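Engineer: Could you have a look at this structure, given as structure tokens, before my questions?
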Amino acid sequence: MPNRRLAPRSNTIYHTRVLDQLTGSTLGHLVDISEYGIRVTSDTPLVKGDEFSIRLELPTDLCCGGAITLKARVKWCRPDVNPDLWAIGFQITEQSEDFAAVYATLRNHYCFDG
């Protein structure tokens, strides 16, 4: 299968919680991130095309009071390598002004390429 990513993703060493900003429910945990998308593992599948306002809970020393909000669309959802989880790919559709700086710091201190 060809790689259709617009930018390479970096795997996170800190699996931050990913929350639905509107309901406060946990959507999953961050696995990797790029400038344009994130991959999350979850115990619940999501529907391709659904849109969310997502809150990423980040290490408090990173920025913004320990969280950042994004708007994102589910691009795909499939069983994870762990049979108890789902892997979900989100395309970031809208990001806060802080996102570029947060992404750079996250990538430099809390991620590895792989």
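Labels for the structure tokens follow display order: chains A, B, ..., residues from 1 in each chain, ligands from 1.
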For segment 16-28 of chain A, please output as number ranges by chain all residues within 9 Å (counting only C-alpha atoms; exclusion window: fewer than 5 positions along the same chain).

Structural biologist: A: 40-44, 46, 52-59, 69, 88

Engineer: Do you have the atom CA of Ser34 of chain A-atom CA of Asp50 of chain A distance handy?

Structural biologist: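 For atom CA of Ser34 of chain A relative to atom CA of Asp50 of chain A, the distance reads 19.6 Å.
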
Engineer: Give the strand (DSSP E or B) residues of segment 33-109 of chain A, as DSSP finds them on the backbone, and put them as a ChimeraX atom specification.

Structural biologist: /A:33,37-42,51-57,67-79,86-95

Engineer: Per residue of segment 15-52 of chain A within 9 Å of segment 92-104 of chain A, record the nearest atom pair and its distance in Å to one decimal, counting only C-alpha atoms, with rows in chain order and ascending residue number, as a tab-separated table.

Structural biologist:
residue	atom	partner	partner_atom	distance
A:Ile33	CA	A:Tyr103	CA	8.1
A:Ser34	CA	A:Tyr103	CA	7.7
A:Glu35	CA	A:Tyr103	CA	7.1
A:Tyr36	CA	A:Ile92	CA	5.3
A:Gly37	CA	A:Ile92	CA	5.0
A:Ile38	CA	A:Ile92	CA	7.4
A:Glu51	CA	A:Thr93	CA	8.9

Engineer: Output as a list in words all residues of segment 43-106 of chain A that backbone DSSP marks as alpha helix (DSSP H).

Structural biologist: Phe99, Ala100, Ala101, Val102, Tyr103, Ala104, Thr105 and Leu106 of chain A

Engineer: Next, write the just-selected residues to a file, as an mmCIF file, in the first residue's frame, keeping C-alpha atoms as the atom set.

Structural biologist:
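File written: again25.cif
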data_model
loop_
_atom_site.group_PDB
_atom_site.id
_atom_site.type_symbol
_atom_site.label_atom_id
_atom_site.label_comp_id
_atom_site.auth_asym_id
_atom_site.auth_seq_id
_atom_site.Cartn_x
_atom_site.Cartn_y
_atom_site.Cartn_z
ATOM 1 C CA PHE A 99 0.049 24.196 17.343
ATOM 2 C CA ALA A 100 3.221 24.700 15.261
ATOM 3 C CA ALA A 101 5.309 25.508 18.354
ATOM 4 C CA VAL A 102 3.687 22.699 20.368
ATOM 5 C CA TYR A 103 4.253 20.198 17.551
ATOM 6 C CA ALA A 104 7.917 21.192 17.222
ATOM 7 C CA THR A 105 8.520 20.860 20.966
ATOM 8 C CA LEU A 106 6.595 17.601 21.167
#
